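Notes follow the structure.
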Amino acid sequence: MPVKSLIKEGDCLDVLQSQPADSIDLIITSPPYADSRKNTYGGVHPNCYVEWFLPRADQFLRVLKPTGSFVLNIKERVVNGERHTYVLELILALRKQGWLWTEEYIWHKRNSYPGKWPNRFRDSWERCLHFTKEKKFKMNQDAVMIPMGNWVGSRLKSLGKNDVVRFDSKVGSGFGKNIANWVRRSMAYPTNVLHLATECGNRKHSAAFPSALPEWFIRLFTDLNDWVLDPFSGSGTSLKAAKDLGRNAMGIELCPEYCELAQEVLNDVQLALMQPEGSYVTAP
Ligand SMILES: C[S@@+](CC[C@H](N)C(=O)[O-])C[C@H]1O[C@@H](n2cnc3c(N)ncnc32)[C@H](O)[C@@H]1O
């Protein structure tokens, strides 16, 4: 069945009012960070961030199916020499709003920009907060399994005393319960850390995330023909990933130029421009 990819221009708070309740399987998004892109698409003051975000999150809660997931890529900025607490405050406020803070994934930016600061090192990670409506939600863990490498045979052949203790323990899940549960035909379940390089340099949006980021969560939390929503869709990275994976997608974006850009991305025009020299298939 051909999938649909829709881009709607406007504030997601307004646009989502007409979206039916319980209609979306995955919301994956990277919202405008507090104050960080004032010169491009405006910012929200860190002290007002939670207040600004909550009415939008209320709509996300309404349109998400009970089996759905909401993945929020965000990172607190430094204000007056220390990390601001608005992300932490947002997590607490979202829980009060009715969300379950199910997990926190870390996006490790393998190629973070080099630099030197007097009181910290270069920032190399961002949060991908995972919220759900229910404790039981759709999660296709097998869809994101990774190759184990050669060590698996020898490592599992000779289990040490501690391994056996862990194997026998009944606590939690994964390794502690039964090694056989997380290793299958040389494939293993991944960790909650995603090691992905940024791709901003070759995009027309200053805050685009790498397509591998939404791809991973789309594989994990949706099935074919499910609906993916990115309410701050920017250059349309999530929409393109959803389309390529056979999922329906809706993007909402405030800036008309980014809506146009996302349409180009969906039509593969931008992708063509990113090919190595000599292999363009579409003229600029
Ligand atoms: C961090 S960027 C998203 C980038 C996107 N993930 C990508 O890969 O291109 C956030 C986007 O949200 C848009 N935006 C800001 N406020 C918005 C709102 N109220 N409703 C919809 N979009 C909004 C901005 O114009 C910006 O393009």
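Naming works like this for the structure tokens: A, B, ... for the chains as they're shown, residue 1 at the start of each chain, ligands 1 onward in shown order.
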
Every residue of segment 183-243 of chain A that DSSP places in alpha helix (DSSP H), as a VMD selection string: chain A and resid 212 to 221 237 to 243

Any chance you could export the current selection's all heavy atoms as a compact mmCIF listing (two decimals), in the first residue's frame?
```
# COMPACT_ATOMS: atom_id res chain seq x y z
N ALA A 212 19.52 8.71 10.51
CA ALA A 212 19.61 7.44 11.25
C ALA A 212 18.91 7.53 12.61
O ALA A 212 18.51 6.50 13.15
CB ALA A 212 21.08 7.06 11.44
N LEU A 213 18.77 8.74 13.13
CA LEU A 213 18.14 8.88 14.46
C LEU A 213 16.64 8.57 14.39
O LEU A 213 16.18 7.62 15.06
CB LEU A 213 18.40 10.29 15.02
CG LEU A 213 17.93 10.48 16.45
CD1 LEU A 213 19.07 10.24 17.43
CD2 LEU A 213 17.40 11.88 16.64
N PRO A 214 15.85 9.30 13.55
CA PRO A 214 14.44 8.89 13.47
C PRO A 214 14.27 7.48 12.92
O PRO A 214 13.37 6.76 13.35
CB PRO A 214 13.81 9.94 12.54
CG PRO A 214 14.93 10.61 11.84
CD PRO A 214 16.11 10.52 12.76
N GLU A 215 15.15 7.08 12.00
CA GLU A 215 15.02 5.72 11.42
C GLU A 215 15.01 4.66 12.51
O GLU A 215 14.19 3.75 12.50
CB GLU A 215 16.23 5.44 10.52
CG GLU A 215 16.00 5.71 9.04
CD GLU A 215 17.32 5.66 8.28
OE1 GLU A 215 18.14 4.75 8.54
OE2 GLU A 215 17.52 6.55 7.46
N TRP A 216 15.95 4.80 13.45
CA TRP A 216 16.10 3.79 14.51
C TRP A 216 14.83 3.71 15.35
O TRP A 216 14.31 2.63 15.63
CB TRP A 216 17.30 4.17 15.38
CG TRP A 216 17.79 3.06 16.25
CD1 TRP A 216 18.60 2.02 15.91
CD2 TRP A 216 17.50 2.90 17.66
NE1 TRP A 216 18.83 1.22 17.01
CE2 TRP A 216 18.17 1.74 18.10
CE3 TRP A 216 16.75 3.62 18.58
CZ2 TRP A 216 18.12 1.28 19.41
CZ3 TRP A 216 16.70 3.16 19.89
CH2 TRP A 216 17.37 2.00 20.29
N PHE A 217 14.29 4.88 15.72
CA PHE A 217 13.09 4.88 16.57
C PHE A 217 11.85 4.44 15.78
O PHE A 217 10.94 3.82 16.33
CB PHE A 217 12.88 6.26 17.20
CG PHE A 217 13.89 6.56 18.28
CD1 PHE A 217 14.90 7.49 18.08
CD2 PHE A 217 13.84 5.89 19.50
CE1 PHE A 217 15.84 7.76 19.07
CE2 PHE A 217 14.78 6.16 20.50
CZ PHE A 217 15.78 7.09 20.29
N ILE A 218 11.83 4.75 14.49
CA ILE A 218 10.68 4.33 13.67
C ILE A 218 10.65 2.81 13.55
O ILE A 218 9.62 2.17 13.70
CB ILE A 218 10.73 5.03 12.27
CG1 ILE A 218 10.44 6.52 12.43
CG2 ILE A 218 9.73 4.39 11.31
CD1 ILE A 218 10.74 7.36 11.18
N ARG A 219 11.83 2.22 13.32
CA ARG A 219 11.90 0.75 13.27
C ARG A 219 11.46 0.14 14.59
O ARG A 219 10.77 -0.87 14.63
CB ARG A 219 13.36 0.30 13.04
CG ARG A 219 13.82 0.38 11.63
CD ARG A 219 15.27 -0.16 11.58
NE ARG A 219 15.99 0.41 10.47
CZ ARG A 219 15.86 0.00 9.22
NH1 ARG A 219 15.05 -1.00 8.96
NH2 ARG A 219 16.54 0.57 8.25
N LEU A 220 11.91 0.76 15.68
CA LEU A 220 11.67 0.20 17.01
C LEU A 220 10.21 0.32 17.44
O LEU A 220 9.65 -0.59 18.03
CB LEU A 220 12.59 0.93 18.01
CG LEU A 220 12.57 0.46 19.46
CD1 LEU A 220 12.93 -1.02 19.58
CD2 LEU A 220 13.54 1.30 20.30
N PHE A 221 9.57 1.45 17.14
CA PHE A 221 8.27 1.71 17.75
C PHE A 221 7.09 1.67 16.77
O PHE A 221 5.96 1.98 17.18
CB PHE A 221 8.29 3.08 18.46
CG PHE A 221 9.19 3.10 19.67
CD1 PHE A 221 10.14 4.11 19.83
CD2 PHE A 221 9.12 2.11 20.64
CE1 PHE A 221 10.98 4.14 20.93
CE2 PHE A 221 9.96 2.13 21.74
CZ PHE A 221 10.89 3.14 21.89
N THR A 237 13.42 15.52 8.02
CA THR A 237 14.24 14.31 8.17
C THR A 237 13.39 13.11 8.62
O THR A 237 13.50 12.02 8.07
CB THR A 237 15.36 14.55 9.21
OG1 THR A 237 15.98 15.81 8.94
CG2 THR A 237 16.40 13.46 9.16
N SER A 238 12.53 13.33 9.62
CA SER A 238 11.71 12.20 10.13
C SER A 238 10.71 11.74 9.06
O SER A 238 10.43 10.55 8.96
CB SER A 238 10.89 12.61 11.35
OG SER A 238 11.61 13.38 12.22
N LEU A 239 10.19 12.71 8.31
CA LEU A 239 9.18 12.36 7.31
C LEU A 239 9.79 11.49 6.22
O LEU A 239 9.20 10.51 5.76
CB LEU A 239 8.58 13.63 6.68
CG LEU A 239 8.17 14.75 7.64
CD1 LEU A 239 7.55 15.91 6.88
CD2 LEU A 239 7.20 14.22 8.69
N LYS A 240 11.00 11.86 5.82
CA LYS A 240 11.70 11.10 4.77
C LYS A 240 12.04 9.69 5.28
O LYS A 240 11.85 8.70 4.57
CB LYS A 240 12.97 11.85 4.37
CG LYS A 240 13.80 11.16 3.31
CD LYS A 240 13.13 11.27 1.95
CE LYS A 240 14.04 10.81 0.82
NZ LYS A 240 14.02 9.38 0.58
N ALA A 241 12.50 9.63 6.54
CA ALA A 241 12.85 8.32 7.11
C ALA A 241 11.60 7.44 7.16
O ALA A 241 11.64 6.26 6.81
CB ALA A 241 13.45 8.51 8.50
N ALA A 242 10.48 8.05 7.59
CA ALA A 242 9.23 7.29 7.68
C ALA A 242 8.81 6.80 6.30
O ALA A 242 8.46 5.63 6.12
CB ALA A 242 8.14 8.16 8.30
N LYS A 243 8.88 7.68 5.33
CA LYS A 243 8.47 7.31 3.97
C LYS A 243 9.32 6.13 3.46
O LYS A 243 8.81 5.15 2.92
CB LYS A 243 8.63 8.53 3.05
CG LYS A 243 8.19 8.29 1.62
CD LYS A 243 8.45 9.52 0.77
CE LYS A 243 8.15 9.23 -0.69
NZ LYS A 243 8.70 10.23 -1.59
```

Residue set, segment 77-107 of chain A restricted to strand (DSSP E or B), as a list in words: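 DSSP on the backbone gives strand (DSSP E or B) at Val78, Val79, Glu82, Arg83, Leu100, Trp101, Thr102, Glu103, Glu104, Tyr105, Ile106 and Trp107 of chain A.
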
Pick from A:Val78, A:Val193, A:Ala57, A:Leu64, whichever lies nearest to ligand 1 using only C-alpha atoms and all ligand atoms: A:Ala57

Å distance separating atom CA of Val50 of chain A from atom CA of Cys255 of chain A, one decimal place: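 Interatomic distance here is 21.8 Å.
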
Let me see if you get this right: every residue at most 8 Å from ligand 1, counting only C-alpha atoms and all ligand atoms, written as an mmCIF file with C-alpha atoms, in the first residue's frame.
```cif
data_model
loop_
_atom_site.group_PDB
_atom_site.id
_atom_site.type_symbol
_atom_site.label_atom_id
_atom_site.label_comp_id
_atom_site.auth_asym_id
_atom_site.auth_seq_id
_atom_site.Cartn_x
_atom_site.Cartn_y
_atom_site.Cartn_z
ATOM 1 C CA GLU A 9 2.449 24.703 7.724
ATOM 2 C CA GLY A 10 1.693 26.363 11.048
ATOM 3 C CA ASP A 11 2.080 26.128 14.804
ATOM 4 C CA CYS A 12 1.639 22.486 15.839
ATOM 5 C CA LEU A 13 -0.566 23.689 18.701
ATOM 6 C CA THR A 29 10.707 15.334 17.155
ATOM 7 C CA SER A 30 13.406 17.790 17.964
ATOM 8 C CA PRO A 31 11.683 20.995 19.095
ATOM 9 C CA PRO A 32 13.237 24.455 18.972
ATOM 10 C CA TYR A 33 15.729 24.453 21.807
ATOM 11 C CA THR A 40 16.969 31.568 12.303
ATOM 12 C CA TYR A 41 13.580 30.421 13.551
ATOM 13 C CA GLY A 42 13.194 32.156 16.879
ATOM 14 C CA GLY A 43 13.611 30.817 20.353
ATOM 15 C CA HIS A 205 18.540 23.468 8.045
ATOM 16 C CA SER A 206 20.835 24.512 10.874
ATOM 17 C CA ALA A 207 19.432 22.012 13.390
ATOM 18 C CA ALA A 208 18.632 18.908 11.348
ATOM 19 C CA PHE A 209 19.226 15.614 13.072
ATOM 20 C CA PRO A 210 20.826 12.691 11.181
ATOM 21 C CA SER A 211 18.265 10.510 9.402
ATOM 22 C CA ASP A 230 6.955 15.167 13.681
ATOM 23 C CA PRO A 231 5.307 18.337 15.064
ATOM 24 C CA PHE A 232 8.509 20.423 14.598
ATOM 25 C CA SER A 233 9.536 18.837 11.332
ATOM 26 C CA GLY A 234 12.113 21.359 10.047
ATOM 27 C CA SER A 235 13.760 19.964 6.921
ATOM 28 C CA GLY A 236 11.614 16.830 7.047
ATOM 29 C CA THR A 237 14.237 14.310 8.172
ATOM 30 C CA SER A 238 11.708 12.205 10.130
ATOM 31 C CA ILE A 252 4.130 20.308 11.060
ATOM 32 C CA GLU A 253 6.436 23.267 10.568
ATOM 33 C CA LEU A 254 6.074 26.955 11.358
ATOM 34 C CA CYS A 255 8.422 28.354 8.690
ATOM 35 C CA TYR A 258 11.378 24.771 5.845
ATOM 36 C CA ALA A 262 10.979 19.278 3.573
#
```

Selected residue of minimal separation from Lys65 of chain A among A:Ser23, A:Asn47, A:Asn248, A:Ser186, counting only C-alpha atoms: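 Of the candidates, the smallest distance to Lys65 of chain A is held by A:Ser23.
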
Contacts of segment 122-134 of chain A at 10 Å (only C-alpha atoms; same-chain gap of 5+ positions) as a PDB file with N, CA and C atoms, in the first residue's frame:
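The resulting result35.pdb:
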```
ATOM      1  N   LEU A  26       3.667   7.023  16.445  1.00  0.00           N
ATOM      2  CA  LEU A  26       4.939   7.515  16.996  1.00  0.00           C
ATOM      3  C   LEU A  26       5.051   9.011  16.751  1.00  0.00           C
ATOM      4  N   ILE A  27       5.380   9.738  17.810  1.00  0.00           N
ATOM      5  CA  ILE A  27       5.745  11.148  17.654  1.00  0.00           C
ATOM      6  C   ILE A  27       7.240  11.216  17.890  1.00  0.00           C
ATOM      7  N   ILE A  28       7.968  11.643  16.881  1.00  0.00           N
ATOM      8  CA  ILE A  28       9.415  11.809  17.059  1.00  0.00           C
ATOM      9  C   ILE A  28       9.778  13.204  16.617  1.00  0.00           C
ATOM     10  N   THR A  29      10.477  13.933  17.474  1.00  0.00           N
ATOM     11  CA  THR A  29      10.707  15.334  17.155  1.00  0.00           C
ATOM     12  C   THR A  29      11.873  15.937  17.915  1.00  0.00           C
ATOM     13  N   SER A  30      12.385  16.981  17.324  1.00  0.00           N
ATOM     14  CA  SER A  30      13.406  17.790  17.964  1.00  0.00           C
ATOM     15  C   SER A  30      12.857  19.213  17.958  1.00  0.00           C
ATOM     16  N   LEU A  61      -0.363  14.196  23.502  1.00  0.00           N
ATOM     17  CA  LEU A  61      -0.951  13.146  24.345  1.00  0.00           C
ATOM     18  C   LEU A  61      -2.315  12.723  23.792  1.00  0.00           C
ATOM     19  N   ARG A  62      -3.047  13.692  23.303  1.00  0.00           N
ATOM     20  CA  ARG A  62      -4.393  13.411  22.783  1.00  0.00           C
ATOM     21  C   ARG A  62      -4.338  12.610  21.484  1.00  0.00           C
ATOM     22  N   LEU A  64      -1.849  10.732  20.255  1.00  0.00           N
ATOM     23  CA  LEU A  64      -1.074   9.482  20.270  1.00  0.00           C
ATOM     24  C   LEU A  64      -1.971   8.308  20.686  1.00  0.00           C
ATOM     25  N   LYS A  65      -1.777   7.191  19.994  1.00  0.00           N
ATOM     26  CA  LYS A  65      -2.524   5.982  20.377  1.00  0.00           C
ATOM     27  C   LYS A  65      -2.024   5.476  21.732  1.00  0.00           C
ATOM     28  N   PRO A  66      -2.848   4.747  22.463  1.00  0.00           N
ATOM     29  CA  PRO A  66      -2.402   4.206  23.761  1.00  0.00           C
ATOM     30  C   PRO A  66      -1.171   3.302  23.630  1.00  0.00           C
ATOM     31  N   THR A  67      -0.981   2.694  22.470  1.00  0.00           N
ATOM     32  CA  THR A  67       0.186   1.811  22.248  1.00  0.00           C
ATOM     33  C   THR A  67       1.391   2.598  21.720  1.00  0.00           C
ATOM     34  N   GLY A  68       1.234   3.913  21.570  1.00  0.00           N
ATOM     35  CA  GLY A  68       2.249   4.716  20.883  1.00  0.00           C
ATOM     36  C   GLY A  68       3.385   5.189  21.766  1.00  0.00           C
ATOM     37  N   SER A  69       4.368   5.831  21.141  1.00  0.00           N
ATOM     38  CA  SER A  69       5.536   6.376  21.837  1.00  0.00           C
ATOM     39  C   SER A  69       5.780   7.814  21.383  1.00  0.00           C
ATOM     40  N   PHE A  70       6.352   8.583  22.297  1.00  0.00           N
ATOM     41  CA  PHE A  70       6.742   9.971  22.005  1.00  0.00           C
ATOM     42  C   PHE A  70       8.234  10.080  22.328  1.00  0.00           C
ATOM     43  N   VAL A  71       9.026  10.370  21.286  1.00  0.00           N
ATOM     44  CA  VAL A  71      10.481  10.492  21.480  1.00  0.00           C
ATOM     45  C   VAL A  71      10.862  11.953  21.295  1.00  0.00           C
ATOM     46  N   LEU A  72      11.418  12.529  22.346  1.00  0.00           N
ATOM     47  CA  LEU A  72      11.733  13.960  22.367  1.00  0.00           C
ATOM     48  C   LEU A  72      13.249  14.146  22.424  1.00  0.00           C
ATOM     49  N   ASN A  73      13.808  14.628  21.302  1.00  0.00           N
ATOM     50  CA  ASN A  73      15.246  14.895  21.243  1.00  0.00           C
ATOM     51  C   ASN A  73      15.488  16.326  21.724  1.00  0.00           C
ATOM     52  N   ILE A  74      16.209  16.450  22.815  1.00  0.00           N
ATOM     53  CA  ILE A  74      16.371  17.768  23.439  1.00  0.00           C
ATOM     54  C   ILE A  74      17.646  17.788  24.260  1.00  0.00           C
ATOM     55  N   LYS A  75      18.177  18.988  24.504  1.00  0.00           N
ATOM     56  CA  LYS A  75      19.346  19.106  25.385  1.00  0.00           C
ATOM     57  C   LYS A  75      19.306  20.490  26.032  1.00  0.00           C
ATOM     58  N   GLU A  76      19.519  20.532  27.317  1.00  0.00           N
ATOM     59  CA  GLU A  76      19.500  21.818  28.007  1.00  0.00           C
ATOM     60  C   GLU A  76      20.740  22.619  27.648  1.00  0.00           C
ATOM     61  N   VAL A  87      14.950  21.274  31.027  1.00  0.00           N
ATOM     62  CA  VAL A  87      14.613  19.930  30.528  1.00  0.00           C
ATOM     63  C   VAL A  87      14.171  19.045  31.695  1.00  0.00           C
ATOM     64  N   ILE A  91      10.498  17.317  32.112  1.00  0.00           N
ATOM     65  CA  ILE A  91      10.231  15.890  32.351  1.00  0.00           C
ATOM     66  C   ILE A  91       9.223  15.742  33.496  1.00  0.00           C
ATOM     67  N   LEU A  94       5.780  16.911  32.336  1.00  0.00           N
ATOM     68  CA  LEU A  94       5.133  15.968  31.417  1.00  0.00           C
ATOM     69  C   LEU A  94       4.567  14.773  32.187  1.00  0.00           C
ATOM     70  N   ARG A  95       5.292  14.355  33.210  1.00  0.00           N
ATOM     71  CA  ARG A  95       4.769  13.251  34.034  1.00  0.00           C
ATOM     72  C   ARG A  95       3.456  13.679  34.710  1.00  0.00           C
ATOM     73  N   GLY A  98       0.467  13.448  32.528  1.00  0.00           N
ATOM     74  CA  GLY A  98      -0.097  12.122  32.255  1.00  0.00           C
ATOM     75  C   GLY A  98       0.835  11.193  31.488  1.00  0.00           C
ATOM     76  N   TRP A  99       2.011  11.702  31.109  1.00  0.00           N
ATOM     77  CA  TRP A  99       2.964  10.870  30.371  1.00  0.00           C
ATOM     78  C   TRP A  99       3.739   9.974  31.332  1.00  0.00           C
ATOM     79  N   LEU A 100       4.115   8.804  30.850  1.00  0.00           N
ATOM     80  CA  LEU A 100       5.069   7.969  31.579  1.00  0.00           C
ATOM     81  C   LEU A 100       6.446   8.236  30.987  1.00  0.00           C
ATOM     82  N   TRP A 101       7.401   8.547  31.817  1.00  0.00           N
ATOM     83  CA  TRP A 101       8.790   8.727  31.342  1.00  0.00           C
ATOM     84  C   TRP A 101       9.431   7.343  31.328  1.00  0.00           C
ATOM     85  N   THR A 102       9.257   6.673  30.187  1.00  0.00           N
ATOM     86  CA  THR A 102       9.591   5.257  30.108  1.00  0.00           C
ATOM     87  C   THR A 102      11.088   5.006  30.019  1.00  0.00           C
ATOM     88  N   GLU A 103      11.789   5.840  29.259  1.00  0.00           N
ATOM     89  CA  GLU A 103      13.226   5.592  29.077  1.00  0.00           C
ATOM     90  C   GLU A 103      13.909   6.874  28.616  1.00  0.00           C
ATOM     91  N   GLU A 104      15.210   6.878  28.768  1.00  0.00           N
ATOM     92  CA  GLU A 104      16.013   7.967  28.207  1.00  0.00           C
ATOM     93  C   GLU A 104      17.100   7.342  27.348  1.00  0.00           C
ATOM     94  N   TYR A 105      17.096   7.650  26.069  1.00  0.00           N
ATOM     95  CA  TYR A 105      18.167   7.209  25.172  1.00  0.00           C
ATOM     96  C   TYR A 105      19.150   8.370  25.015  1.00  0.00           C
ATOM     97  N   ILE A 106      20.382   8.022  24.784  1.00  0.00           N
ATOM     98  CA  ILE A 106      21.404   9.047  24.589  1.00  0.00           C
ATOM     99  C   ILE A 106      21.863   8.998  23.141  1.00  0.00           C
ATOM    100  N   TRP A 107      21.820  10.141  22.483  1.00  0.00           N
ATOM    101  CA  TRP A 107      22.434  10.251  21.150  1.00  0.00           C
ATOM    102  C   TRP A 107      23.851  10.771  21.352  1.00  0.00           C
ATOM    103  N   HIS A 108      24.823   9.880  21.165  1.00  0.00           N
ATOM    104  CA  HIS A 108      26.225  10.266  21.236  1.00  0.00           C
ATOM    105  C   HIS A 108      26.640  10.772  19.855  1.00  0.00           C
ATOM    106  N   LYS A 109      26.994  12.056  19.782  1.00  0.00           N
ATOM    107  CA  LYS A 109      27.376  12.649  18.493  1.00  0.00           C
ATOM    108  C   LYS A 109      28.847  12.351  18.260  1.00  0.00           C
ATOM    109  N   ARG A 110      29.083  11.403  17.396  1.00  0.00           N
ATOM    110  CA  ARG A 110      30.460  10.921  17.220  1.00  0.00           C
ATOM    111  C   ARG A 110      31.392  12.005  16.708  1.00  0.00           C
ATOM    112  N   ASN A 111      30.838  12.976  15.962  1.00  0.00           N
ATOM    113  CA  ASN A 111      31.693  13.991  15.343  1.00  0.00           C
ATOM    114  C   ASN A 111      31.415  15.389  15.906  1.00  0.00           C
ATOM    115  N   SER A 112      31.178  15.476  17.209  1.00  0.00           N
ATOM    116  CA  SER A 112      30.838  16.795  17.766  1.00  0.00           C
ATOM    117  C   SER A 112      31.965  17.797  17.506  1.00  0.00           C
ATOM    118  N   TYR A 113      31.552  19.046  17.358  1.00  0.00           N
ATOM    119  CA  TYR A 113      32.473  20.092  16.922  1.00  0.00           C
ATOM    120  C   TYR A 113      33.580  20.315  17.956  1.00  0.00           C
ATOM    121  N   PRO A 114      34.839  20.332  17.525  1.00  0.00           N
ATOM    122  CA  PRO A 114      35.929  20.513  18.495  1.00  0.00           C
ATOM    123  C   PRO A 114      35.917  21.906  19.118  1.00  0.00           C
ATOM    124  N   GLY A 115      36.426  22.026  20.298  1.00  0.00           N
ATOM    125  CA  GLY A 115      36.476  23.334  20.943  1.00  0.00           C
ATOM    126  C   GLY A 115      37.076  23.209  22.325  1.00  0.00           C
ATOM    127  N   LYS A 116      37.306  24.383  22.951  1.00  0.00           N
ATOM    128  CA  LYS A 116      37.853  24.359  24.308  1.00  0.00           C
ATOM    129  C   LYS A 116      37.122  25.395  25.138  1.00  0.00           C
ATOM    130  N   TRP A 117      36.665  25.013  26.309  1.00  0.00           N
ATOM    131  CA  TRP A 117      35.970  25.905  27.214  1.00  0.00           C
ATOM    132  C   TRP A 117      36.675  25.832  28.575  1.00  0.00           C
ATOM    133  N   ASN A 192      21.007   1.556  25.173  1.00  0.00           N
ATOM    134  CA  ASN A 192      20.213   2.775  25.004  1.00  0.00           C
ATOM    135  C   ASN A 192      21.088   3.977  24.613  1.00  0.00           C
ATOM    136  N   VAL A 193      22.274   3.703  24.069  1.00  0.00           N
ATOM    137  CA  VAL A 193      23.152   4.770  23.555  1.00  0.00           C
ATOM    138  C   VAL A 193      23.278   4.606  22.038  1.00  0.00           C
ATOM    139  N   LEU A 194      22.950   5.668  21.305  1.00  0.00           N
ATOM    140  CA  LEU A 194      23.051   5.627  19.835  1.00  0.00           C
ATOM    141  C   LEU A 194      24.270   6.437  19.416  1.00  0.00           C
ATOM    142  N   HIS A 195      25.196   5.800  18.750  1.00  0.00           N
ATOM    143  CA  HIS A 195      26.414   6.492  18.319  1.00  0.00           C
ATOM    144  C   HIS A 195      26.228   6.930  16.870  1.00  0.00           C
ATOM    145  N   LEU A 196      25.866   8.183  16.667  1.00  0.00           N
ATOM    146  CA  LEU A 196      25.558   8.660  15.308  1.00  0.00           C
ATOM    147  C   LEU A 196      26.235   9.997  15.046  1.00  0.00           C
ATOM    148  N   LEU A 213      18.771   8.739  13.133  1.00  0.00           N
ATOM    149  CA  LEU A 213      18.139   8.883  14.457  1.00  0.00           C
ATOM    150  C   LEU A 213      16.638   8.566  14.392  1.00  0.00           C
ATOM    151  N   PHE A 217      14.287   4.883  15.723  1.00  0.00           N
ATOM    152  CA  PHE A 217      13.090   4.881  16.574  1.00  0.00           C
ATOM    153  C   PHE A 217      11.852   4.445  15.778  1.00  0.00           C
TER     154      PHE A 217
END
```

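Comparing the minimum interatomic distances between Val44 of chain A and each of A:Tyr86, A:Gln59, A:Lys204, A:Leu6, counting only C-alpha atoms, we find that A:Tyr86 sits nearest.
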
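You will find atom CA of Asp35 of chain A at 26.8 Å from atom CA of Val228 of chain A.
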
Distance of atom CA of Leu261 of chain A from atom CA of Lys8 of chain A, expressed in Å to one decimal place: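 Going from atom CA of Lys8 of chain A over to atom CA of Leu261 of chain A, I get 12.6 Å.
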
Contacts of Trp227 of chain A at 6 Å (only C-alpha atoms; same-chain gap of 4+ positions) as a PyMOL selection string: chain A and resi 24-25+248-249

Generate the output file for the selected residues, C-alpha atoms, as a tab-separated table (two decimals), in the first residue's frame.
```tsv
chain	number	residue	atom	x	y	z
A	24	ILE	CA	-0.67	8.48	15.71
A	25	ASP	CA	1.71	5.58	16.44
A	248	ASN	CA	2.79	7.26	6.79
A	249	ALA	CA	4.08	10.57	8.05
```
